[in-house]
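Content type PDB, C-alpha atoms, from the file upload34.pdb:
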ATOM      1  CA  MET A   1      15.039  -5.436  28.398
ATOM      2  CA  ASN A   2      13.587  -2.138  29.658
ATOM      3  CA  ILE A   3      11.961   0.412  27.342
ATOM      4  CA  ASN A   4      10.455   3.715  28.486
ATOM      5  CA  ILE A   5       7.789   5.608  26.554
ATOM      6  CA  TYR A   6       7.590   9.391  26.981
ATOM      7  CA  TYR A   7       4.380  10.817  25.547
ATOM      8  CA  GLY A   8       4.399  14.555  24.938
ATOM      9  CA  GLY A   9       0.878  15.115  23.593
ATOM     10  CA  ARG A  10      -2.158  16.508  25.406
ATOM     11  CA  GLY A  11      -3.741  13.124  26.059
ATOM     12  CA  ILE A  12      -6.974  13.773  24.147
ATOM     13  CA  ILE A  13      -9.097  10.748  23.240
ATOM     14  CA  ASP A  14      -8.706  10.880  19.445
ATOM     15  CA  ASP A  15      -4.946  11.510  19.469
ATOM     16  CA  PRO A  16      -3.476   9.101  16.840
ATOM     17  CA  THR A  17      -0.138   9.030  18.670
ATOM     18  CA  ILE A  18      -1.793   7.345  21.652
ATOM     19  CA  TYR A  19      -3.060   4.530  19.449
ATOM     20  CA  VAL A  20       0.407   4.042  17.899
ATOM     21  CA  ILE A  21       2.270   3.840  21.219
ATOM     22  CA  ASN A  22      -0.431   1.577  22.686
ATOM     23  CA  LYS A  23       0.082  -0.830  19.789
ATOM     24  CA  MET A  24       3.882  -0.652  20.112
ATOM     25  CA  GLN A  25       3.643  -1.287  23.851
ATOM     26  CA  GLU A  26       1.420  -4.312  23.180
ATOM     27  CA  VAL A  27       3.947  -5.817  20.745
ATOM     28  CA  LEU A  28       6.910  -5.162  23.043
ATOM     29  CA  GLU A  29       5.159  -6.728  26.030
ATOM     30  CA  GLU A  30       4.428  -9.814  23.911
ATOM     31  CA  LEU A  31       8.216 -10.051  23.484
ATOM     32  CA  ARG A  32       8.571  -9.955  27.289
ATOM     33  CA  VAL A  33       9.944  -6.408  27.360
ATOM     34  CA  HIS A  34       9.309  -4.360  30.497
ATOM     35  CA  VAL A  35       7.665  -1.149  29.294
ATOM     36  CA  GLU A  36       7.291   1.929  31.507
ATOM     37  CA  ARG A  37       5.159   4.802  30.229
ATOM     38  CA  TYR A  38       5.343   8.464  31.253
ATOM     39  CA  ASN A  39       2.657  10.948  30.203
ATOM     40  CA  LEU A  40       4.389  14.314  30.344
ATOM     41  CA  TYR A  41       1.105  16.209  30.665
ATOM     42  CA  ASP A  42       0.379  14.342  33.935
ATOM     43  CA  GLY A  43       3.770  15.137  35.449
ATOM     44  CA  LYS A  44       4.393  18.582  33.990
ATOM     45  CA  THR A  45       5.425  19.901  37.409
ATOM     46  CA  ASN A  46       8.233  17.330  37.757
ATOM     47  CA  ILE A  47       9.479  17.023  34.167
ATOM     48  CA  THR A  48      12.920  18.157  35.336
ATOM     49  CA  THR A  49      13.261  14.964  37.396
ATOM     50  CA  LEU A  50      12.266  12.567  34.604
ATOM     51  CA  PRO A  51      15.802  12.249  33.122
ATOM     52  CA  GLN A  52      16.630  10.150  36.193
ATOM     53  CA  THR A  53      14.262   7.458  34.827
ATOM     54  CA  LEU A  54      16.566   6.963  31.833
ATOM     55  CA  LYS A  55      19.272   5.201  33.827
ATOM     56  CA  GLU A  56      17.574   1.778  33.821
ATOM     57  CA  ALA A  57      16.352   1.986  30.208
ATOM     58  CA  ASP A  58      17.861   0.101  27.279
ATOM     59  CA  GLY A  59      15.752   2.089  24.847
ATOM     60  CA  ILE A  60      13.078   4.778  24.806
ATOM     61  CA  ILE A  61      10.251   5.977  22.611
ATOM     62  CA  LEU A  62       9.718   9.728  22.331
ATOM     63  CA  ALA A  63       6.150  10.203  21.122
ATOM     64  CA  THR A  64       4.324  13.449  20.413
ATOM     65  CA  THR A  65       1.602  14.939  18.234
ATOM     66  CA  VAL A  66       1.929  17.915  15.903
ATOM     67  CA  GLU A  67      -1.348  19.797  16.295
ATOM     68  CA  TRP A  68      -0.324  23.124  14.825
ATOM     69  CA  TYR A  69       3.458  23.663  14.851
ATOM     70  CA  GLY A  70       6.390  21.778  16.308
ATOM     71  CA  ILE A  71       6.741  18.928  18.784
ATOM     72  CA  GLY A  72       4.923  20.703  21.607
ATOM     73  CA  GLY A  73       5.975  22.298  24.870
ATOM     74  CA  TYR A  74       5.929  19.217  27.103
ATOM     75  CA  MET A  75       8.333  17.274  24.901
ATOM     76  CA  GLN A  76      10.608  20.288  24.523
ATOM     77  CA  GLN A  77      10.707  20.703  28.319
ATOM     78  CA  PHE A  78      11.672  17.048  28.696
ATOM     79  CA  LEU A  79      14.499  17.351  26.155
ATOM     80  CA  ASP A  80      15.703  20.537  27.865
ATOM     81  CA  ALA A  81      15.778  18.653  31.180
ATOM     82  CA  CYS A  82      17.781  15.822  29.580
ATOM     83  CA  TRP A  83      20.320  18.367  28.323
ATOM     84  CA  LEU A  84      20.585  20.220  31.632
ATOM     85  CA  TYR A  85      20.227  17.432  34.189
ATOM     86  CA  GLY A  86      20.509  14.110  32.351
ATOM     87  CA  ASP A  87      23.363  11.651  32.795
ATOM     88  CA  LYS A  88      25.132  11.945  29.424
ATOM     89  CA  GLU A  89      27.089   8.713  29.936
ATOM     90  CA  ALA A  90      23.864   6.785  30.526
ATOM     91  CA  ILE A  91      22.168   8.436  27.542
ATOM     92  CA  SER A  92      25.049   7.423  25.249
ATOM     93  CA  GLY A  93      23.969   3.768  25.558
ATOM     94  CA  ILE A  94      20.232   4.301  25.030
ATOM     95  CA  TYR A  95      18.434   3.797  21.705
ATOM     96  CA  MET A  96      15.594   6.195  20.865
ATOM     97  CA  CYS A  97      12.677   5.602  18.492
ATOM     98  CA  PRO A  98      10.780   8.821  17.546
ATOM     99  CA  VAL A  99       7.009   8.623  16.992
ATOM    100  CA  VAL A 100       5.359  11.751  15.585
ATOM    101  CA  MET A 101       1.796  11.771  14.259
ATOM    102  CA  SER A 102       0.182  14.970  13.030
ATOM    103  CA  THR A 103      -3.298  16.283  12.436
ATOM    104  CA  THR A 104      -1.804  19.132  10.420
ATOM    105  CA  TYR A 105       1.451  19.766   8.530
ATOM    106  CA  GLY A 106       4.886  19.017  10.040
ATOM    107  CA  GLU A 107       5.194  15.380  11.132
ATOM    108  CA  ARG A 108       8.468  14.801   9.227
ATOM    109  CA  GLU A 109      10.081  17.913  10.694
ATOM    110  CA  GLY A 110       8.949  16.798  14.165
ATOM    111  CA  LYS A 111      10.487  13.368  13.746
ATOM    112  CA  LEU A 112      13.734  14.930  12.485
ATOM    113  CA  ASN A 113      13.806  17.318  15.457
ATOM    114  CA  LEU A 114      13.504  14.465  17.954
ATOM    115  CA  ALA A 115      16.190  12.404  16.216
ATOM    116  CA  THR A 116      18.554  15.386  16.005
ATOM    117  CA  ALA A 117      18.017  16.332  19.649
ATOM    118  CA  TRP A 118      18.742  12.790  20.812
ATOM    119  CA  GLU A 119      21.927  12.600  18.757
ATOM    120  CA  ILE A 120      23.103  15.919  20.215
ATOM    121  CA  LEU A 121      22.498  14.435  23.662
ATOM    122  CA  GLY A 122      24.749  11.561  22.610
ATOM    123  CA  GLY A 123      22.097   8.860  22.287
ATOM    124  CA  LEU A 124      21.689   6.142  19.662
ATOM    125  CA  PRO A 125      19.122   6.334  16.837
ATOM    126  CA  CYS A 126      16.346   3.902  15.898
ATOM    127  CA  SER A 127      14.094   4.033  12.853
ATOM    128  CA  GLY A 128      10.961   5.964  13.813
ATOM    129  CA  ILE A 129       7.381   6.506  12.688
ATOM    130  CA  CYS A 130       5.705   9.634  11.362
ATOM    131  CA  GLY A 131       2.499  10.234   9.489
ATOM    132  CA  TYR A 132      -0.507  12.448   8.905
ATOM    133  CA  ILE A 133      -3.719  11.012  10.326
ATOM    134  CA  GLU A 134      -6.949  12.931   9.807
ATOM    135  CA  ASN A 135      -8.835  10.840  12.367
ATOM    136  CA  THR A 136      -7.886   7.906  14.582
ATOM    137  CA  VAL A 137     -10.615   5.628  13.202
ATOM    138  CA  SER A 138      -8.944   5.530   9.776
ATOM    139  CA  LEU A 139      -5.712   4.451  11.503
ATOM    140  CA  GLU A 140      -7.330   1.711  13.562
ATOM    141  CA  MET A 141      -9.321   0.269  10.652
ATOM    142  CA  ASN A 142      -6.387   0.074   8.225
ATOM    143  CA  GLU A 143      -4.628  -3.284   8.669
ATOM    144  CA  GLN A 144      -1.590  -2.156   6.673
ATOM    145  CA  TYR A 145      -1.003   0.782   9.020
ATOM    146  CA  VAL A 146      -1.248  -1.562  12.015
ATOM    147  CA  GLN A 147       1.338  -3.896  10.458
ATOM    148  CA  ILE A 148       3.715  -0.967   9.934
ATOM    149  CA  VAL A 149       3.499  -0.062  13.621
ATOM    150  CA  GLU A 150       4.012  -3.683  14.712
ATOM    151  CA  LYS A 151       7.045  -4.083  12.449
ATOM    152  CA  LYS A 152       8.597  -0.874  13.805
ATOM    153  CA  ALA A 153       8.217  -2.171  17.364
ATOM    154  CA  GLU A 154       9.820  -5.510  16.421
ATOM    155  CA  ASN A 155      12.672  -3.750  14.598
ATOM    156  CA  MET A 156      13.295  -1.576  17.649
ATOM    157  CA  TYR A 157      13.518  -4.744  19.780
ATOM    158  CA  ARG A 158      16.036  -6.292  17.374
ATOM    159  CA  THR A 159      18.105  -3.096  17.205
ATOM    160  CA  ILE A 160      18.430  -2.902  20.993
ATOM    161  CA  ASN A 161      18.954  -6.637  21.478
ATOM    162  CA  GLN A 162      21.733  -6.800  18.877
ATOM    163  CA  ARG A 163      23.229  -3.421  19.850
ATOM    164  CA  ILE A 164      23.325  -2.438  16.175
ATOM    165  CA  ALA A 165      25.947   0.202  15.479
ATOM    166  CA  SER A 166      25.433   3.411  13.523
ATOM    167  CA  PHE A 167      27.723   5.835  11.720
ATOM    168  CA  PRO A 168      29.087   8.762  13.766
ATOM    169  CA  ALA A 169      27.080  11.990  13.521
ATOM    170  CA  SER A 170      28.391  15.543  13.520
ATOM    171  CA  ASN A 171      25.769  16.336  16.175
ATOM    172  CA  LYS A 172      27.717  14.260  18.691
ATOM    173  CA  VAL A 173      30.939  16.126  17.889
ATOM    174  CA  MET A 174      29.165  19.407  18.588
ATOM    175  CA  ARG A 175      27.942  18.065  21.941
ATOM    176  CA  GLN A 176      31.452  16.983  22.928
ATOM    177  CA  LYS A 177      32.801  20.463  22.233
ATOM    178  CA  ILE A 178      30.036  22.227  24.139
ATOM    179  CA  THR A 179      29.779  20.134  27.283
ATOM    180  CA  ILE A 180      31.815  17.452  29.028
ATOM    181  CA  PRO A 181      29.728  14.844  30.871
ATOM    182  CA  LYS A 182      30.517  14.411  34.549
ATOM    183  CA  SER A 183      32.437  11.253  35.320
ATOM    184  CA  ILE A 184      30.517   8.630  37.282
ATOM    185  CA  ASN A 185      31.508   5.391  38.966
ATOM    186  CA  LEU A 186      30.254   2.417  36.972
ATOM    187  CA  THR A 187      29.859  -1.187  37.989
ATOM    188  CA  PRO A 188      31.364  -3.815  35.632
ATOM    189  CA  GLN A 189      27.859  -4.618  34.387
ATOM    190  CA  GLU A 190      27.126  -0.950  33.599
ATOM    191  CA  THR A 191      30.499  -0.603  31.882
ATOM    192  CA  GLU A 192      29.657  -3.553  29.657
ATOM    193  CA  GLN A 193      26.278  -2.025  28.793
ATOM    194  CA  LEU A 194      27.929   1.260  27.856
ATOM    195  CA  SER A 195      30.570  -0.381  25.650
ATOM    196  CA  GLU A 196      30.355   0.012  21.892
ATOM    197  CA  TYR A 197      29.014  -3.038  20.141
ATOM    198  CA  VAL A 198      29.537  -3.748  16.471
ATOM    199  CA  SER A 199      26.889  -5.996  14.958
ATOM    200  CA  ASP A 200      28.142  -8.828  12.795
ATOM    201  CA  ASP A 201      25.808  -8.720   9.794
ATOM    202  CA  SER A 202      27.716 -11.255   7.679
ATOM    203  CA  TYR A 203      25.365 -14.106   8.544
ATOM    204  CA  VAL A 204      22.349 -11.957   7.615
ATOM    205  CA  GLN A 205      23.754 -11.381   4.129
ATOM    206  CA  ARG A 206      24.548 -15.076   3.807
ATOM    207  CA  GLN A 207      20.988 -15.999   4.794
ATOM    208  CA  LYS A 208      19.523 -13.636   2.217
ATOM    209  CA  GLU A 209      21.568 -15.284  -0.512
ATOM    210  CA  ASP A 210      20.485 -18.728   0.689
ATOM    211  CA  ILE A 211      16.830 -17.737   0.723
ATOM    212  CA  GLN A 212      16.967 -16.320  -2.789
ATOM    213  CA  GLU A 213      18.562 -19.514  -4.054
ATOM    214  CA  LEU A 214      16.182 -21.799  -2.195
ATOM    215  CA  THR A 215      13.023 -19.907  -3.160
ATOM    216  CA  SER A 216      13.231 -20.847  -6.829
ATOM    217  CA  MET A 217      14.337 -24.407  -6.059
ATOM    218  CA  PHE A 218      11.575 -25.188  -3.581
ATOM    219  CA  ARG A 219       8.866 -23.517  -5.647
ATOM    220  CA  GLY A 220       9.272 -26.244  -8.247
ATOM    221  CA  MET A 221       9.442 -28.941  -5.582
ATOM    222  CA  LEU A 222       6.214 -27.718  -4.002
ATOM    223  CA  ASP A 223       4.398 -27.799  -7.312
ATOM    224  CA  ASN A 224       5.351 -31.454  -7.825
ATOM    225  CA  SER A 225       5.146 -32.916  -4.328
ATOM    226  CA  GLY A 226       2.404 -30.766  -2.765
ATOM    227  CA  ALA A 227       3.007 -28.122  -0.115
ATOM    228  CA  ASP A 228       0.365 -29.210   2.359
ATOM    229  CA  SER A 229       1.573 -32.646   3.463
ATOM    230  CA  GLU A 230       0.447 -33.246   7.035
ATOM    231  CA  GLU A 231       3.593 -35.296   7.766
ATOM    232  CA  GLU A 232       6.167 -32.847   6.432
ATOM    233  CA  TYR A 233       8.912 -31.908   8.929
ATOM    234  CA  VAL A 234       7.416 -34.122  11.680
ATOM    235  CA  SER A 235       9.980 -36.919  11.357
ATOM    236  CA  GLU A 236      12.873 -34.413  11.149
ATOM    237  CA  PHE A 237      11.867 -32.786  14.430
ATOM    238  CA  LYS A 238      11.449 -36.130  16.197
ATOM    239  CA  LYS A 239      14.825 -37.371  14.936
ATOM    240  CA  ALA A 240      16.705 -34.208  16.008
ATOM    241  CA  PHE A 241      15.038 -33.959  19.445
ATOM    242  CA  VAL A 242      17.400 -33.588  22.419
ATOM    243  CA  PRO A 243      15.442 -33.677  25.725
ATOM    244  CA  GLN A 244      15.911 -30.884  28.246
ATOM    245  CA  PRO A 245      15.333 -32.269  31.778
ATOM    246  CA  GLY A 246      12.217 -30.876  33.431
ATOM    247  CA  PHE A 247      11.361 -28.586  30.509
ATOM    248  CA  GLU A 248       7.788 -28.366  29.207
ATOM    249  CA  ALA A 249       6.478 -26.102  26.452
ATOM    250  CA  ALA A 250       4.078 -25.953  23.520
ATOM    251  CA  TYR A 251       4.883 -24.285  20.188
ATOM    252  CA  SER A 252       2.726 -23.329  17.223
ATOM    253  CA  ILE A 253       4.438 -22.622  13.866
ATOM    254  CA  ASN A 254       2.493 -21.119  10.976
ATOM    255  CA  ILE A 255       4.360 -22.134   7.816
ATOM    256  CA  GLU A 256       3.767 -20.302   4.547
ATOM    257  CA  GLU A 257       1.492 -22.259   2.151
ATOM    258  CA  LYS A 258       0.297 -24.587   4.928
ATOM    259  CA  LYS A 259      -3.407 -24.610   5.749
ATOM    260  CA  ASN A 260      -2.859 -25.673   9.367
ATOM    261  CA  PRO A 261      -0.101 -24.611  11.778
ATOM    262  CA  MET A 262       2.457 -27.133  12.960
ATOM    263  CA  TRP A 263       2.398 -27.809  16.696
ATOM    264  CA  ILE A 264       5.182 -29.159  18.879
ATOM    265  CA  THR A 265       4.607 -30.244  22.480
ATOM    266  CA  VAL A 266       7.536 -31.062  24.769
ATOM    267  CA  LYS A 267       7.129 -32.709  28.159
ATOM    268  CA  GLY A 268      10.539 -33.651  29.491
ATOM    269  CA  PRO A 269      11.847 -36.564  27.387
ATOM    270  CA  ILE A 270       8.663 -36.803  25.291
ATOM    271  CA  VAL A 271       8.047 -34.789  22.098
ATOM    272  CA  GLU A 272       4.904 -34.831  19.991
ATOM    273  CA  CYS A 273       4.426 -33.086  16.621
ATOM    274  CA  GLY A 274       1.586 -32.656  14.179
ATOM    275  CA  TYR A 275      -0.577 -30.209  12.263
ATOM    276  CA  GLY A 276      -3.713 -28.472  13.456
ATOM    277  CA  GLU A 277      -4.888 -25.960  16.019
ATOM    278  CA  THR A 278      -3.580 -26.233  19.585
ATOM    279  CA  SER A 279      -4.803 -24.449  22.690
ATOM    280  CA  THR A 280      -2.692 -21.812  24.469
ATOM    281  CA  PRO A 281       0.806 -22.445  23.063
ATOM    282  CA  ASP A 282       3.695 -20.821  24.928
ATOM    283  CA  VAL A 283       5.184 -19.486  21.675
ATOM    284  CA  GLU A 284       3.473 -18.712  18.357
ATOM    285  CA  MET A 285       5.440 -17.823  15.220
ATOM    286  CA  SER A 286       5.069 -17.442  11.471
ATOM    287  CA  LEU A 287       7.775 -18.520   9.022
ATOM    288  CA  PRO A 288       8.204 -18.575   5.248
ATOM    289  CA  ARG A 289       8.584 -22.087   3.906
ATOM    290  CA  ALA A 290      12.145 -21.340   2.724
ATOM    291  CA  ALA A 291      13.144 -20.309   6.253
ATOM    292  CA  MET A 292      11.774 -23.554   7.706
ATOM    293  CA  GLU A 293      13.793 -25.504   5.127
ATOM    294  CA  ASP A 294      16.921 -23.591   6.186
ATOM    295  CA  ILE A 295      16.280 -24.495   9.832
ATOM    296  CA  ILE A 296      15.667 -28.182   9.055
ATOM    297  CA  ASN A 297      18.890 -28.284   7.010
ATOM    298  CA  GLY A 298      20.936 -26.612   9.742
ATOM    299  CA  ARG A 299      21.639 -23.371   7.892
ATOM    300  CA  MET A 300      19.612 -21.211  10.276
ATOM    301  CA  THR A 301      18.228 -21.308  13.817
ATOM    302  CA  PHE A 302      14.880 -20.098  15.108
ATOM    303  CA  GLN A 303      16.647 -17.354  17.075
ATOM    304  CA  ARG A 304      18.494 -16.095  13.981
ATOM    305  CA  ALA A 305      15.290 -16.185  11.980
ATOM    306  CA  PHE A 306      13.703 -13.838  14.501
ATOM    307  CA  MET A 307      16.702 -11.530  14.885
ATOM    308  CA  SER A 308      17.189 -11.134  11.136
ATOM    309  CA  GLY A 309      13.501 -10.411  10.521
ATOM    310  CA  VAL A 310      12.918 -13.576   8.471
ATOM    311  CA  MET A 311      10.426 -14.715  11.097
ATOM    312  CA  GLN A 312       7.350 -12.728  10.174
ATOM    313  CA  ARG A 313       5.690 -12.791  13.616
ATOM    314  CA  MET A 314       6.534 -14.120  17.078
ATOM    315  CA  LYS A 315       4.370 -14.029  20.174
ATOM    316  CA  GLY A 316       5.434 -15.406  23.528
ATOM    317  CA  ASP A 317       8.494 -15.717  25.752
ATOM    318  CA  PHE A 318      11.740 -15.190  23.826
ATOM    319  CA  ARG A 319      13.610 -17.447  26.271
ATOM    320  CA  ILE A 320      11.317 -20.352  25.385
ATOM    321  CA  LEU A 321      11.981 -19.648  21.696
ATOM    322  CA  ARG A 322      15.729 -19.942  22.301
ATOM    323  CA  THR A 323      15.205 -23.304  24.037
ATOM    324  CA  LEU A 324      13.695 -24.573  20.765
ATOM    325  CA  ASP A 325      17.166 -24.390  19.174
ATOM    326  CA  GLN A 326      18.657 -26.345  22.085
ATOM    327  CA  MET A 327      16.083 -29.124  21.819
ATOM    328  CA  PHE A 328      16.326 -29.388  18.018
ATOM    329  CA  PRO A 329      19.988 -28.833  17.001
ATOM    330  CA  PHE A 330      19.617 -29.637  13.304
ATOM    331  CA  GLU A 331      22.903 -30.528  11.625
ATOM    332  CA  GLU A 332      23.893 -28.684   8.462
ATOM    333  CA  LYS A 333      23.421 -30.745   5.315
ATOM    334  CA  ASP A 334      25.286 -30.456   2.059
ATOM    335  CA  ARG A 335      23.452 -28.597  -0.690
TER
END

Mind turning the file's structure into structure tokens?
Amino acid sequence: MNINIYYGGRGIIDDPTIYVINKMQEVLEELRVHVERYNLYDGKTNITTLPQTLKEADGIILATTVEWYGIGGYMQQFLDACWLYGDKEAISGIYMCPVVMSTTYGEREGKLNLATAWEILGGLPCSGICGYIENTVSLEMNEQYVQIVEKKAENMYRTINQRIASFPASNKVMRQKITIPKSINLTPQETEQLSEYVSDDSYVQRQKEDIQELTSMFRGMLDNSGADSEEEYVSEFKKAFVPQPGFEAAYSINIEEKKNPMWITVKGPIVECGYGETSTPDVEMSLPRAAMEDIINGRMTFQRAFMSGVMQRMKGDFRILRTLDQMFPFEEKDR
């Protein structure tokens, strides 16, 4: 996955937008996303050529700072260049996440302006971030603000990866009546990328119902049997293990209400499991206890837990996470 960040601020040290996009870039790179960043103030003489960088992007982040009024000249120049010189067919398959922080009034209007402009260009929307920050220190020191930024980055990843659809907007109709994009020759791969995908959310709704039902049931079970058993889930993983020839990996799973994380080490045909700290795992994740029970009982996979947002945190290579479902194909059990 390729995501480009276009920063339209002045690049000053205490700009809160810089901290937000740095944090988002950090989270996306942990998910093995290739992130390319463009500071518009550095390349203000060649802003008109920047729309060409959109062709390889699956998603973009448009980030700017409201210092007195509006989204700023650099960002407006970039959007003008996209309208005049951008490939409208390529833009139609690109998701955009707006990030607007302000040191004065107007962050919500700025975010709306970016979202509206991108829809007029024909692009796809993502949920964005906006806020008033008096000084960057207050942003960096507030753990809740940091979690909001991290969640937005993860949600953007899920939106692009699942090609989540959105309702048609009147802005796109206006664009179609004003300008007709030039036809271009597409390879089969590019045609597939530009196709319209409709996300099947039925399993997400089913999982939510399962979790609500299981939460009350397991809460009573935990009170009686103890939630911190050091042997819990170990035998299930060993029983379900299907070796993958030549594959080696180490996993660390933080389970809600457990004092120590569960570790799983795979070396070819050998699997070892236990509880405690492990050094340099390939994949680290955090799961609610109910989600782990769903996985053990075959009603959910680790990949679905991440895509649906049930997995609270994941760090590492997403491909190695997917291999976890291949090595441990838990069979669905009757309720």

Starting from the displayed file, determine the output of the PyMOL selection byres ((chain A and resi 80) around 12) and express the residue list as a ChimeraX atom specification. /A:47-51,73-79,81-86,114,117-118,120-121

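Selection by the PyMOL selection byres ((chain A and resi 280-290) around 7) on the present file picks out Ile211, Leu214, Thr215, Ala249, Ala250, Tyr251, Ser252, Ile253, Asn254, Ile255, Glu256, Thr278, Ser279, Ala291, Met292, Glu293, Asp294, Met311, Gln312, Arg313, Met314, Lys315, Gly316, Asp317 and Leu321 of chain A.
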
Find the residues near A:Tyr7: any atom within 12 Å, counting only C-alpha atoms, skip ones fewer than 4 places away on the same chain, and give them as an mmCIF file with C-alpha atoms, keeping the file's coordinate frame.
data_model
loop_
_atom_site.group_PDB
_atom_site.id
_atom_site.type_symbol
_atom_site.label_atom_id
_atom_site.label_comp_id
_atom_site.auth_asym_id
_atom_site.auth_seq_id
_atom_site.Cartn_x
_atom_site.Cartn_y
_atom_site.Cartn_z
ATOM 1 C CA GLY A 11 -3.741 13.124 26.059
ATOM 2 C CA ILE A 12 -6.974 13.773 24.147
ATOM 3 C CA ASP A 15 -4.946 11.510 19.469
ATOM 4 C CA PRO A 16 -3.476 9.101 16.840
ATOM 5 C CA THR A 17 -0.138 9.030 18.670
ATOM 6 C CA ILE A 18 -1.793 7.345 21.652
ATOM 7 C CA TYR A 19 -3.060 4.530 19.449
ATOM 8 C CA VAL A 20 0.407 4.042 17.899
ATOM 9 C CA ILE A 21 2.270 3.840 21.219
ATOM 10 C CA ASN A 22 -0.431 1.577 22.686
ATOM 11 C CA GLU A 36 7.291 1.929 31.507
ATOM 12 C CA ARG A 37 5.159 4.802 30.229
ATOM 13 C CA TYR A 38 5.343 8.464 31.253
ATOM 14 C CA ASN A 39 2.657 10.948 30.203
ATOM 15 C CA LEU A 40 4.389 14.314 30.344
ATOM 16 C CA TYR A 41 1.105 16.209 30.665
ATOM 17 C CA ASP A 42 0.379 14.342 33.935
ATOM 18 C CA GLY A 43 3.770 15.137 35.449
ATOM 19 C CA LYS A 44 4.393 18.582 33.990
ATOM 20 C CA ILE A 47 9.479 17.023 34.167
ATOM 21 C CA ILE A 60 13.078 4.778 24.806
ATOM 22 C CA ILE A 61 10.251 5.977 22.611
ATOM 23 C CA LEU A 62 9.718 9.728 22.331
ATOM 24 C CA ALA A 63 6.150 10.203 21.122
ATOM 25 C CA THR A 64 4.324 13.449 20.413
ATOM 26 C CA THR A 65 1.602 14.939 18.234
ATOM 27 C CA ILE A 71 6.741 18.928 18.784
ATOM 28 C CA GLY A 72 4.923 20.703 21.607
ATOM 29 C CA GLY A 73 5.975 22.298 24.870
ATOM 30 C CA TYR A 74 5.929 19.217 27.103
ATOM 31 C CA MET A 75 8.333 17.274 24.901
ATOM 32 C CA GLN A 76 10.608 20.288 24.523
ATOM 33 C CA PHE A 78 11.672 17.048 28.696
ATOM 34 C CA PRO A 98 10.780 8.821 17.546
ATOM 35 C CA VAL A 99 7.009 8.623 16.992
ATOM 36 C CA VAL A 100 5.359 11.751 15.585
ATOM 37 C CA MET A 101 1.796 11.771 14.259
#

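Here atom CA of A:Gly70 stands at a distance of 6.0 Å from atom CA of A:Gly110.
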
For atom CA of A:Glu209 and atom CA of A:Gly298, determine how far apart the two atoms are, in Å to one decimal place. 15.3 Å

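Taking only C-alpha atoms into account, the polymer residues that have an atom no farther than 12 Å from (22.0, -28.8, 4.9) are Asp210, Leu214, Met292, Glu293, Asp294, Ile295, Ile296, Asn297, Gly298, Arg299, Met300, Phe330, Glu331, Glu332, Lys333, Asp334 and Arg335 of chain A.
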
For the file shown, what are the residues hit by the PyMOL selection byres ((chain A and resi 31) around 10), laid out as number ranges by chain? A: 1, 25-30, 32-34, 153-154, 157, 314-319

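Taking only C-alpha atoms into account, the polymer residues that have an atom no farther than 7 Å from (18.7, 9.6, 33.6) are Pro51, Gln52, Thr53, Leu54, Lys55, Gly86, Asp87 and Ala90 of chain A.
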
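Atom pair atom CA of A:Glu232 / atom CA of A:Cys273 has a distance of 10.3 Å (rounded to one decimal).
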
Might you pull out every residue within 8 Å of A:Pro329, with all atoms listed in the file counted and same-chain residues fewer than 6 positions away left off, and present them as a ChimeraX atom specification? /A:240-242,298

Restricted to C-alpha atoms, what would the selected residues look like written as an mmCIF file, in the coordinates of the input?
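Result went into selection-v6.cif, see below:
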data_model
loop_
_atom_site.group_PDB
_atom_site.id
_atom_site.type_symbol
_atom_site.label_atom_id
_atom_site.label_comp_id
_atom_site.auth_asym_id
_atom_site.auth_seq_id
_atom_site.Cartn_x
_atom_site.Cartn_y
_atom_site.Cartn_z
ATOM 1 C CA ALA A 240 16.705 -34.208 16.008
ATOM 2 C CA PHE A 241 15.038 -33.959 19.445
ATOM 3 C CA VAL A 242 17.400 -33.588 22.419
ATOM 4 C CA GLY A 298 20.936 -26.612 9.742
#

Edge lengths and centre in Å to one decimal, as JSON, is what I'm after for the box along x, y and z that holds all listed atoms of stretch 259-268 of chain A once 4 Å is added on each side.
{"center_x": 3.6, "center_y": -29.1, "center_z": 17.6, "size_x": 21.9, "size_y": 17.0, "size_z": 31.7}

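Nearest to A:Tyr6 of all the residues A:Phe306, A:Gly59, A:Thr159, A:Gln144 is A:Gly59, counting all atoms listed in the file.
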
Quick one: residues within 10 Å of A:Arg108, all atoms listed in the file, excluding same-chain residues fewer than 2 positions away - as a PyMOL selection string? chain A and resi 66+100-102+105-106+110-113+129-132

Distance criterion (only C-alpha atoms): nearest to A:Phe237 out of A:Gly274, A:Pro261, A:Pro269, A:Gly93: A:Gly274
